[in-house]
$ cat protein05.cif   # mmCIF, C-alpha atoms
data_data
loop_
_atom_site.label_atom_id
_atom_site.label_comp_id
_atom_site.auth_asym_id
_atom_site.auth_seq_id
_atom_site.Cartn_x
_atom_site.Cartn_y
_atom_site.Cartn_z
CA MET A 1 21.11 22.95 -0.49
CA GLU A 2 18.21 23.51 -2.84
CA ILE A 3 14.70 22.08 -2.55
CA THR A 4 12.56 21.75 -5.66
CA THR A 5 9.76 19.58 -7.07
CA LEU A 6 10.55 16.43 -9.03
CA GLU A 7 8.34 16.96 -12.07
CA ASN A 8 11.33 17.71 -14.32
CA ILE A 9 13.64 15.02 -12.90
CA ARG A 10 14.17 11.77 -14.82
CA ILE A 11 12.47 8.71 -13.34
CA ASP A 12 15.63 6.63 -13.67
CA TYR A 13 17.53 9.21 -11.59
CA ILE A 14 14.83 9.27 -8.90
CA THR A 15 14.94 5.45 -8.89
CA GLU A 16 18.71 5.46 -8.44
CA ILE A 17 18.53 7.78 -5.42
CA LEU A 18 15.54 5.89 -3.97
CA ASN A 19 17.53 2.65 -4.10
CA GLN A 20 20.57 4.31 -2.53
CA SER A 21 18.37 5.70 0.26
CA PHE A 22 16.87 2.29 1.03
CA SER A 23 20.08 0.28 0.57
CA ASP A 24 20.48 -0.15 4.34
CA TYR A 25 16.78 -0.03 5.24
CA ILE A 26 15.33 -2.19 8.02
CA VAL A 27 13.50 -4.16 5.30
CA PRO A 28 15.19 -4.49 1.87
CA PHE A 29 13.44 -2.30 -0.71
CA GLN A 30 14.62 -1.76 -4.27
CA LEU A 31 12.69 -0.76 -7.40
CA THR A 32 13.33 -0.67 -11.11
CA SER A 33 12.47 2.46 -13.08
CA GLN A 34 9.48 0.61 -14.56
CA GLN A 35 8.22 -0.37 -11.10
CA LEU A 36 8.55 3.22 -9.89
CA GLU A 37 6.68 4.51 -12.95
CA TYR A 38 3.88 2.04 -12.22
CA LYS A 39 3.81 3.06 -8.55
CA ILE A 40 3.58 6.72 -9.57
CA PHE A 41 0.67 5.97 -11.90
CA THR A 42 -1.39 3.62 -9.73
CA GLU A 43 -0.93 5.47 -6.43
CA ASN A 44 -1.64 8.84 -8.08
CA ILE A 45 1.73 10.28 -7.07
CA ARG A 46 2.03 13.92 -8.04
CA LEU A 47 5.59 14.83 -9.01
CA ASP A 48 4.65 18.51 -8.71
CA LEU A 49 4.02 17.79 -5.01
CA SER A 50 7.02 15.47 -4.66
CA LEU A 51 10.25 17.07 -3.52
CA GLY A 52 13.97 16.63 -3.88
CA VAL A 53 16.90 18.09 -1.97
CA PHE A 54 19.88 18.88 -4.18
CA TYR A 55 23.46 19.45 -3.05
CA SER A 56 25.87 20.73 -5.71
CA GLY A 57 23.36 19.60 -8.33
CA LYS A 58 23.07 16.06 -6.92
CA LEU A 59 19.80 14.66 -5.59
CA VAL A 60 20.46 13.57 -2.00
CA GLY A 61 16.95 13.27 -0.55
CA PHE A 62 13.37 13.04 -1.78
CA MET A 63 9.70 12.72 -0.84
CA LEU A 64 6.99 11.28 -3.12
CA HIS A 65 3.44 12.44 -2.50
CA ALA A 66 0.10 11.27 -3.84
CA LEU A 67 -3.22 13.09 -3.68
CA ASN A 68 -6.72 11.61 -3.55
CA HIS A 69 -10.13 12.33 -2.10
CA THR A 70 -11.17 10.15 0.82
CA GLY A 71 -14.86 10.82 1.16
CA GLU A 72 -15.16 14.59 1.06
CA LYS A 73 -11.61 15.19 2.32
CA LEU A 74 -8.55 15.75 0.15
CA VAL A 75 -5.70 13.64 1.52
CA ALA A 76 -1.98 13.61 0.73
CA TYR A 77 -0.12 10.30 0.99
CA ASN A 78 3.62 10.11 1.56
CA ALA A 79 4.43 7.22 -0.77
CA ALA A 80 8.17 7.24 -0.05
CA THR A 81 10.75 9.35 1.76
CA GLY A 82 14.47 8.79 1.60
CA VAL A 83 17.84 10.44 2.22
CA ILE A 84 21.10 8.89 1.03
CA PRO A 85 23.33 7.76 3.93
CA ASP A 86 25.94 10.54 3.76
CA PHE A 87 23.31 13.27 4.17
CA ARG A 88 21.25 11.89 7.05
CA GLY A 89 21.02 13.71 10.36
CA GLN A 90 20.84 17.14 8.71
CA GLY A 91 17.10 17.68 9.07
CA LEU A 92 16.41 17.38 5.34
CA VAL A 93 13.02 15.72 5.79
CA GLY A 94 11.85 18.55 8.04
CA LYS A 95 13.07 21.12 5.51
CA MET A 96 11.12 19.38 2.74
CA TYR A 97 7.99 19.44 4.89
CA ASN A 98 8.44 23.16 5.56
CA TYR A 99 8.55 23.66 1.79
CA LEU A 100 5.56 21.39 1.10
CA ILE A 101 2.99 22.25 3.78
CA PRO A 102 2.09 25.71 2.38
CA LYS A 103 1.47 24.12 -1.04
CA LEU A 104 -0.86 21.54 0.51
CA ARG A 105 -2.73 24.20 2.46
CA ASP A 106 -3.27 26.15 -0.76
CA LEU A 107 -4.89 23.01 -2.20
CA ASP A 108 -7.14 22.61 0.90
CA VAL A 109 -5.59 19.26 1.81
CA ASP A 110 -7.16 18.06 5.07
CA HIS A 111 -4.42 15.74 6.31
CA MET A 112 -1.38 13.69 5.36
CA VAL A 113 -0.89 9.93 5.69
CA LEU A 114 2.25 7.80 5.72
CA GLU A 115 3.40 4.34 6.76
CA VAL A 116 6.54 3.58 8.75
CA ILE A 117 7.87 0.17 9.73
CA VAL A 118 7.43 -0.84 13.36
CA GLY A 119 10.90 -0.84 14.91
CA ASN A 120 12.18 2.09 12.87
CA GLN A 121 12.25 4.25 15.99
CA ARG A 122 14.38 6.98 14.46
CA ALA A 123 11.81 7.61 11.73
CA ILE A 124 8.86 7.28 14.12
CA ARG A 125 10.32 9.85 16.52
CA ALA A 126 11.07 12.20 13.63
CA TYR A 127 7.49 12.01 12.36
CA GLU A 128 6.08 12.46 15.87
CA LYS A 129 8.10 15.69 16.15
CA MET A 130 6.33 16.82 12.95
CA ASN A 131 2.98 16.22 14.69
CA TYR A 132 2.15 12.90 13.07
CA ARG A 133 0.12 10.58 15.27
CA VAL A 134 -0.38 6.82 14.99
CA ASN A 135 -3.75 5.97 13.42
CA ARG A 136 -3.50 2.17 13.22
CA THR A 137 -1.09 -0.74 12.84
CA LEU A 138 -0.93 -2.59 9.52
CA ASP A 139 0.38 -6.16 9.35
CA CYS A 140 2.12 -7.69 6.33
CA PHE A 141 2.06 -11.40 5.57
CA LYS A 142 3.98 -13.71 3.28
CA GLY A 143 4.39 -17.43 2.79
CA SER A 144 3.22 -20.48 0.87
CA PHE A 145 -0.31 -21.84 0.79
CA GLU A 146 -0.88 -25.56 0.43
CA SER A 147 -3.80 -25.86 -1.95
CA ASP A 148 -7.00 -27.53 -0.76
CA LYS A 149 -9.44 -29.43 -2.89
CA LYS A 150 -12.01 -27.35 -4.71
CA SER A 151 -15.29 -26.87 -2.84
CA SER A 152 -18.36 -28.58 -4.26
CA PHE A 153 -20.82 -26.04 -2.82
CA LEU A 154 -19.14 -22.89 -4.15
CA SER A 155 -18.85 -21.44 -7.63
CA ILE A 156 -15.86 -19.16 -8.26
CA LYS A 157 -15.83 -16.99 -11.38
CA GLN A 158 -13.40 -14.45 -12.77
CA VAL A 159 -15.09 -11.12 -13.53
CA GLU A 160 -13.89 -8.14 -15.51
CA ASN A 161 -15.40 -5.30 -13.51
CA PHE A 162 -15.36 -4.27 -9.86
CA LYS A 163 -18.63 -4.63 -7.96
CA TRP A 164 -17.78 -1.92 -5.46
CA ASP A 165 -21.26 -1.50 -3.96
CA ASP A 166 -21.25 -5.18 -3.01
CA PHE A 167 -17.56 -5.38 -2.16
CA ILE A 168 -17.66 -2.41 0.22
CA SER A 169 -20.64 -3.91 2.05
CA PHE A 170 -18.45 -6.91 2.93
CA TRP A 171 -15.67 -4.86 4.55
CA SER A 172 -14.83 -4.98 8.25
CA ILE A 173 -11.68 -2.89 7.75
CA LYS A 174 -10.74 -0.04 5.48
CA PRO A 175 -8.01 -0.78 2.91
CA SER A 176 -4.74 1.13 3.07
CA TRP A 177 -3.79 3.58 0.31
CA GLN A 178 -2.02 0.95 -1.81
CA ASN A 179 -5.09 -1.33 -1.65
CA SER A 180 -7.70 1.41 -2.02
CA ILE A 181 -10.43 1.66 -4.64
CA THR A 182 -8.63 4.51 -6.41
CA THR A 183 -5.36 2.58 -6.64
CA LEU A 184 -7.04 -0.61 -7.84
CA GLU A 185 -9.05 1.20 -10.48
CA LYS A 186 -5.80 2.56 -11.90
CA SER A 187 -4.08 -0.84 -11.82
CA LYS A 188 -6.97 -2.77 -13.36
CA ASP A 189 -4.82 -4.05 -16.24
CA LYS A 190 -2.52 -5.84 -13.76
CA ILE A 191 -5.02 -7.45 -11.41
CA THR A 192 -7.49 -10.33 -11.36
CA ILE A 193 -10.93 -10.29 -9.72
CA LEU A 194 -12.52 -13.54 -8.56
CA CYS A 195 -16.03 -13.72 -7.10
CA ALA A 196 -17.45 -16.59 -5.05
CA TYR A 197 -21.12 -17.50 -5.43
CA LEU A 198 -23.45 -19.61 -3.34
CA GLU A 199 -26.00 -20.46 -6.00
CA ASP A 200 -26.66 -16.95 -7.40
CA GLU A 201 -25.61 -15.02 -4.28
CA LEU A 202 -22.27 -13.18 -4.20
CA ALA A 203 -20.57 -14.57 -1.10
CA GLY A 204 -17.04 -13.18 -1.32
CA TYR A 205 -14.33 -11.85 -3.59
CA ILE A 206 -10.58 -11.56 -3.98
CA ILE A 207 -8.53 -9.05 -5.96
CA TYR A 208 -4.90 -9.95 -6.61
CA ASN A 209 -1.89 -9.28 -8.79
CA ALA A 210 -0.98 -12.55 -10.50
CA GLN A 211 2.54 -11.38 -11.32
CA THR A 212 3.53 -10.35 -7.79
CA LYS A 213 1.28 -12.95 -6.04
CA ARG A 214 -0.03 -10.11 -3.91
CA ILE A 215 -3.55 -10.10 -2.49
CA GLN A 216 -4.92 -6.55 -2.75
CA GLN A 217 -8.34 -7.18 -1.22
CA ILE A 218 -10.30 -10.18 0.04
CA ALA A 219 -13.63 -10.09 1.86
CA VAL A 220 -16.64 -12.23 2.71
CA PRO A 221 -19.95 -10.89 4.08
CA THR A 222 -20.50 -11.46 7.79
CA ILE A 223 -23.29 -14.01 7.31
CA HIS A 224 -21.06 -16.24 5.19
CA ARG A 225 -17.87 -16.16 7.23
CA ARG A 226 -16.31 -19.29 8.76
CA LYS A 227 -17.59 -21.41 5.88
CA GLY A 228 -14.23 -21.71 4.13
CA ILE A 229 -15.14 -19.26 1.37
CA ALA A 230 -12.07 -17.04 1.77
CA THR A 231 -9.83 -20.11 1.81
CA GLN A 232 -11.43 -21.33 -1.40
CA LEU A 233 -10.81 -17.94 -2.99
CA ILE A 234 -7.13 -18.22 -2.02
CA ASN A 235 -7.13 -21.74 -3.43
CA ALA A 236 -8.56 -20.45 -6.72
CA MET A 237 -5.90 -17.74 -6.81
CA THR A 238 -3.01 -20.17 -6.35
CA GLN A 239 -4.49 -22.54 -8.91
CA SER A 240 -4.71 -19.65 -11.38
CA THR A 241 -1.20 -18.30 -10.74
CA GLY A 242 0.37 -21.76 -10.60
CA SER A 243 2.27 -20.74 -7.47
CA LYS A 244 1.91 -21.41 -3.74
CA GLU A 245 3.54 -18.06 -3.01
CA LEU A 246 1.31 -15.43 -1.33
CA TYR A 247 1.71 -11.88 -0.07
CA ALA A 248 -0.78 -9.64 1.73
CA PHE A 249 0.34 -6.17 2.78
CA ASN A 250 -1.09 -3.59 5.18
CA ILE A 251 -3.88 -5.55 6.88
CA ASP A 252 -5.44 -3.55 9.72
CA ASN A 253 -4.48 -5.52 12.83
CA SER A 254 -7.43 -4.16 14.81
CA SER A 255 -9.39 -6.90 13.02
CA SER A 256 -8.34 -10.13 14.70
CA GLU A 257 -10.63 -11.93 12.25
CA SER A 258 -8.63 -10.65 9.27
CA THR A 259 -5.16 -11.20 10.71
CA GLY A 260 -6.26 -14.54 12.15
CA PHE A 261 -7.33 -15.67 8.69
CA PHE A 262 -3.92 -15.05 7.17
CA LYS A 263 -2.23 -16.75 10.11
CA SER A 264 -4.55 -19.74 9.63
CA LEU A 265 -3.04 -20.10 6.14
CA SER A 266 0.38 -20.45 7.84
CA LEU A 267 1.52 -17.12 6.43
CA GLU A 268 4.20 -15.27 8.37
CA ASN A 269 3.55 -11.78 9.77
CA ASN A 270 7.07 -10.70 8.83
CA VAL A 271 6.60 -6.92 9.01
CA SER A 272 4.16 -4.48 10.59
CA GLN A 273 3.77 -0.79 9.82
CA LEU A 274 2.31 2.17 11.63
CA GLU A 275 -0.10 4.26 9.61
CA MET A 276 0.43 7.82 10.82
CA ILE A 277 -1.67 10.93 10.17
CA LYS A 278 -0.81 14.61 10.31
CA ASN A 279 -3.48 17.30 10.12
CA ILE A 280 -2.62 20.21 7.86
#

$ encode --input "protein05.cif" --output "structure tokens"
Amino acid sequence: MEITTLENIRIDYITEILNQSFSDYIVPFQLTSQQLEYKIFTENIRLDLSLGVFYSGKLVGFMLHALNHTGEKLVAYNAATGVIPDFRGQGLVGKMYNYLIPKLRDLDVDHMVLEVIVGNQRAIRAYEKMNYRVNRTLDCFKGSFESDKKSSFLSIKQVENFKWDDFISFWSIKPSWQNSITTLEKSKDKITILCAYLEDELAGYIIYNAQTKRIQQIAVPTIHRRKGIATQLINAMTQSTGSKELYAFNIDNSSSESTGFFKSLSLENNVSQLEMIKNI
């Protein structure tokens, strides 16, 4: 067995092994090479900090890691970990961590973050043995939204630039890595930003990917909640995309207001994930 970084490994080969590793996953997960390239770019995945285990020259396991500052702390995000079926149960993930941790310490990384699906007890136990602890539970929603009539009191406009100072002030929960400011800034060419106005006052916003029908962020300031503004933003999104289909991933379930909103749209909470943290 040999462990090395993935910076000199072809993306199509990494994609092939990723898809083999997730072929029997608890939730189906397959990517194209183009989708993996986009994930690497937008999530700031560092292939020099991403690892592969090779057996007789064949890639049999891997870990993809991203690196970003969260406030003043440098944080590593485990964007994907997989081992092909024939090589599971050999402690390969632990061996990759033993190889990686000294590199992260040299970079002054404060902690590591990952997400694991609720119910995947084998993975959860393995991460707990590596001193990961559960930070929060993230709910994922999907379904169809039946469009309502457009509101007469609200003006919804598409904007080109993020208004982060305003947007952040509306938050009750912190976005996960895939919905973070850094990720959205890097995926700006793929997303749409809609802002809701009450007269001239910004009263809510939604950021979504029109191609995947995925809501990345949606928020309304406290004083304007329960007025139907978020629902009207969803309505504007579905009108724009021409589809009733909706997805919202990794919503912090400590906010009953947020999860309750998606349930009120008759979206299904089909999967939940544990966000886990490991101090370096």

$ residues_around --input "protein05.cif" --residues "Ile117 in chain A" --least-positions-apart "6" --cutoff "10 Å" --atoms "only C-alpha atoms" --output "VMD selection string"
chain A and resid 25 to 27 123 to 124 137 to 139 271 to 275

$ resolve_selection --input "protein05.cif" --expression "the PyMOL selection byres ((chain A and resi 79) around 6)" --output "list in words"
Leu64, His65, Tyr77, Asn78 and Ala80 of chain A

$ resolve_selection --input "protein05.cif" --expression "the PyMOL selection byres ((chain A and resi 7) around 8)" --output "list in words"
Thr5, Leu6, Asn8, Ile9, Leu47, Asp48 and Ser50 of chain A

$ write_last_selection --input "protein05.cif" --atoms "C-alpha atoms" --output "PDB file, in the frame of the given file"
ATOM      1  CA  THR A   5       9.760  19.580  -7.070  1.00  0.00           C
ATOM      2  CA  LEU A   6      10.550  16.430  -9.030  1.00  0.00           C
ATOM      3  CA  ASN A   8      11.330  17.710 -14.320  1.00  0.00           C
ATOM      4  CA  ILE A   9      13.640  15.020 -12.900  1.00  0.00           C
ATOM      5  CA  LEU A  47       5.590  14.830  -9.010  1.00  0.00           C
ATOM      6  CA  ASP A  48       4.650  18.510  -8.710  1.00  0.00           C
ATOM      7  CA  SER A  50       7.020  15.470  -4.660  1.00  0.00           C
TER       8      SER A  50
END

$ closest_residue --input "protein05.cif" --among "A:Pro175, A:Gly228, A:Pro85, A:Gly94" --to "Ile215 in chain A" --atoms "all atoms listed in the file"
A:Pro175

$ resolve_selection --input "protein05.cif" --expression "the PyMOL selection byres ((chain A and resi 179) around 9)" --output "PyMOL selection string"
chain A and resi 175-178+180-184+215-217+249-250

$ atom_distance --input "protein05.cif" --atom1 "CA of Glu43 in chain A" --atom2 "CA of Glu185 in chain A"
10.0 Å

$ atom_distance --input "protein05.cif" --atom1 "CA of Phe261 in chain A" --atom2 "CA of Phe141 in chain A"
10.8 Å

$ atom_distance --input "protein05.cif" --atom1 "CA of Thr4 in chain A" --atom2 "CA of Leu51 in chain A"
5.6 Å

$ closest_residue --input "protein05.cif" --among "A:Val116, A:Met96, A:Leu233, A:Ala66" --to "Gln158 in chain A" --atoms "all atoms listed in the file"
A:Leu233

$ closest_residue --input "protein05.cif" --among "A:Gly82, A:Ala196, A:Leu36, A:Leu18" --to "Ser151 in chain A" --atoms "all atoms listed in the file"
A:Ala196

$ residues_around --input "protein05.cif" --residues "Lys142 in chain A" --least-positions-apart "6" --cutoff "7 Å" --atoms "all atoms listed in the file" --output "number ranges by chain"
A: 246-248, 267-269

$ closest_residue --input "protein05.cif" --among "A:Ala236, A:Ile218, A:Leu92, A:Ile84" --to "Ile168 in chain A" --atoms "all atoms listed in the file"
A:Ile218

$ residues_around --input "protein05.cif" --residues "Glu72 in chain A" --least-positions-apart "3" --cutoff "10 Å" --atoms "all atoms listed in the file" --output "PyMOL selection string"
chain A and resi 69+75+110

$ residues_around --input "protein05.cif" --residues "range 161-165 of chain A" --least-positions-apart "3" --cutoff "12 Å" --atoms "all atoms listed in the file" --output "VMD selection string"
chain A and resid 157 to 158 168 to 171 180 to 182 184 to 189 191 to 195 202 204 to 207 217 219

$ closest_residue --input "protein05.cif" --among "A:Thr70, A:Ala126, A:Lys103, A:Asp12" --to "Gly89 in chain A" --atoms "all atoms listed in the file"
A:Ala126

$ closest_residue --input "protein05.cif" --among "A:Pro102, A:Phe62, A:Ala76, A:Asn270" --to "Phe22 in chain A" --atoms "only C-alpha atoms"
A:Phe62

$ residues_around --input "protein05.cif" --residues "Lys129 in chain A" --least-positions-apart "2" --cutoff "12 Å" --atoms "only C-alpha atoms" --output "ChimeraX atom specification"
/A:91,93-94,97,122-127,131-133,278

$ axis_aligned_box --input "protein05.cif" --around "range 183-189 of chain A" --padding-each-side "8 Å" --output "AutoDock Vina command-line options"
--center_x -6.6 --center_y -0.7 --center_z -11.4 --size_x 21.0 --size_y 22.6 --size_z 25.6

$ decode --input "protein05.cif" --residues "range 19-42 of chain A" --atoms "N, CA and C atoms" --output "PDB file, in the first residue's frame"
ATOM      1  N   ASN A  19     -16.902   7.059  -7.801  1.00  0.00           N
ATOM      2  CA  ASN A  19     -18.181   6.423  -8.129  1.00  0.00           C
ATOM      3  C   ASN A  19     -18.213   4.950  -7.723  1.00  0.00           C
ATOM      4  N   GLN A  20     -17.080   4.263  -7.840  1.00  0.00           N
ATOM      5  CA  GLN A  20     -17.019   2.885  -7.345  1.00  0.00           C
ATOM      6  C   GLN A  20     -17.213   2.846  -5.831  1.00  0.00           C
ATOM      7  N   SER A  21     -16.599   3.793  -5.135  1.00  0.00           N
ATOM      8  CA  SER A  21     -16.660   3.821  -3.670  1.00  0.00           C
ATOM      9  C   SER A  21     -18.070   4.086  -3.166  1.00  0.00           C
ATOM     10  N   PHE A  22     -18.839   4.884  -3.923  1.00  0.00           N
ATOM     11  CA  PHE A  22     -20.185   5.245  -3.490  1.00  0.00           C
ATOM     12  C   PHE A  22     -21.269   4.441  -4.208  1.00  0.00           C
ATOM     13  N   SER A  23     -20.870   3.384  -4.915  1.00  0.00           N
ATOM     14  CA  SER A  23     -21.836   2.596  -5.693  1.00  0.00           C
ATOM     15  C   SER A  23     -22.871   1.903  -4.812  1.00  0.00           C
ATOM     16  N   ASP A  24     -22.512   1.589  -3.568  1.00  0.00           N
ATOM     17  CA  ASP A  24     -23.444   0.927  -2.654  1.00  0.00           C
ATOM     18  C   ASP A  24     -23.717   1.789  -1.428  1.00  0.00           C
ATOM     19  N   TYR A  25     -23.585   3.096  -1.592  1.00  0.00           N
ATOM     20  CA  TYR A  25     -23.732   4.035  -0.480  1.00  0.00           C
ATOM     21  C   TYR A  25     -25.181   4.077  -0.007  1.00  0.00           C
ATOM     22  N   ILE A  26     -25.376   4.512   1.223  1.00  0.00           N
ATOM     23  CA  ILE A  26     -26.706   4.588   1.821  1.00  0.00           C
ATOM     24  C   ILE A  26     -27.633   5.513   1.029  1.00  0.00           C
ATOM     25  N   VAL A  27     -27.044   6.545   0.413  1.00  0.00           N
ATOM     26  CA  VAL A  27     -27.769   7.430  -0.502  1.00  0.00           C
ATOM     27  C   VAL A  27     -26.999   7.446  -1.817  1.00  0.00           C
ATOM     28  N   PRO A  28     -27.645   7.152  -2.949  1.00  0.00           N
ATOM     29  CA  PRO A  28     -26.927   7.110  -4.230  1.00  0.00           C
ATOM     30  C   PRO A  28     -26.174   8.409  -4.500  1.00  0.00           C
ATOM     31  N   PHE A  29     -24.931   8.285  -4.952  1.00  0.00           N
ATOM     32  CA  PHE A  29     -24.084   9.459  -5.183  1.00  0.00           C
ATOM     33  C   PHE A  29     -23.109   9.135  -6.304  1.00  0.00           C
ATOM     34  N   GLN A  30     -23.277   9.776  -7.431  1.00  0.00           N
ATOM     35  CA  GLN A  30     -22.401   9.578  -8.579  1.00  0.00           C
ATOM     36  C   GLN A  30     -22.121  10.941  -9.204  1.00  0.00           C
ATOM     37  N   LEU A  31     -20.902  11.146  -9.677  1.00  0.00           N
ATOM     38  CA  LEU A  31     -20.511  12.403 -10.309  1.00  0.00           C
ATOM     39  C   LEU A  31     -19.905  12.130 -11.676  1.00  0.00           C
ATOM     40  N   THR A  32     -20.008  13.126 -12.552  1.00  0.00           N
ATOM     41  CA  THR A  32     -19.221  13.116 -13.779  1.00  0.00           C
ATOM     42  C   THR A  32     -17.891  13.808 -13.496  1.00  0.00           C
ATOM     43  N   SER A  33     -16.947  13.663 -14.395  1.00  0.00           N
ATOM     44  CA  SER A  33     -15.659  14.343 -14.225  1.00  0.00           C
ATOM     45  C   SER A  33     -15.851  15.855 -14.176  1.00  0.00           C
ATOM     46  N   GLN A  34     -16.776  16.372 -14.991  1.00  0.00           N
ATOM     47  CA  GLN A  34     -17.029  17.811 -15.009  1.00  0.00           C
ATOM     48  C   GLN A  34     -17.615  18.276 -13.675  1.00  0.00           C
ATOM     49  N   GLN A  35     -18.516  17.482 -13.110  1.00  0.00           N
ATOM     50  CA  GLN A  35     -19.098  17.839 -11.811  1.00  0.00           C
ATOM     51  C   GLN A  35     -18.047  17.816 -10.714  1.00  0.00           C
ATOM     52  N   LEU A  36     -17.139  16.847 -10.765  1.00  0.00           N
ATOM     53  CA  LEU A  36     -16.081  16.792  -9.762  1.00  0.00           C
ATOM     54  C   LEU A  36     -15.132  17.975  -9.916  1.00  0.00           C
ATOM     55  N   GLU A  37     -14.800  18.333 -11.141  1.00  0.00           N
ATOM     56  CA  GLU A  37     -13.943  19.498 -11.366  1.00  0.00           C
ATOM     57  C   GLU A  37     -14.589  20.754 -10.788  1.00  0.00           C
ATOM     58  N   TYR A  38     -15.891  20.892 -10.985  1.00  0.00           N
ATOM     59  CA  TYR A  38     -16.603  22.063 -10.466  1.00  0.00           C
ATOM     60  C   TYR A  38     -16.633  22.043  -8.941  1.00  0.00           C
ATOM     61  N   LYS A  39     -16.829  20.880  -8.364  1.00  0.00           N
ATOM     62  CA  LYS A  39     -16.808  20.737  -6.904  1.00  0.00           C
ATOM     63  C   LYS A  39     -15.437  21.124  -6.358  1.00  0.00           C
ATOM     64  N   ILE A  40     -14.391  20.665  -7.013  1.00  0.00           N
ATOM     65  CA  ILE A  40     -13.027  20.986  -6.580  1.00  0.00           C
ATOM     66  C   ILE A  40     -12.801  22.490  -6.607  1.00  0.00           C
ATOM     67  N   PHE A  41     -13.284  23.147  -7.664  1.00  0.00           N
ATOM     68  CA  PHE A  41     -13.081  24.591  -7.800  1.00  0.00           C
ATOM     69  C   PHE A  41     -13.897  25.369  -6.776  1.00  0.00           C
ATOM     70  N   THR A  42     -15.206  25.114  -6.708  1.00  0.00           N
ATOM     71  CA  THR A  42     -16.067  25.937  -5.862  1.00  0.00           C
ATOM     72  C   THR A  42     -15.847  25.700  -4.376  1.00  0.00           C
TER      73      THR A  42
END
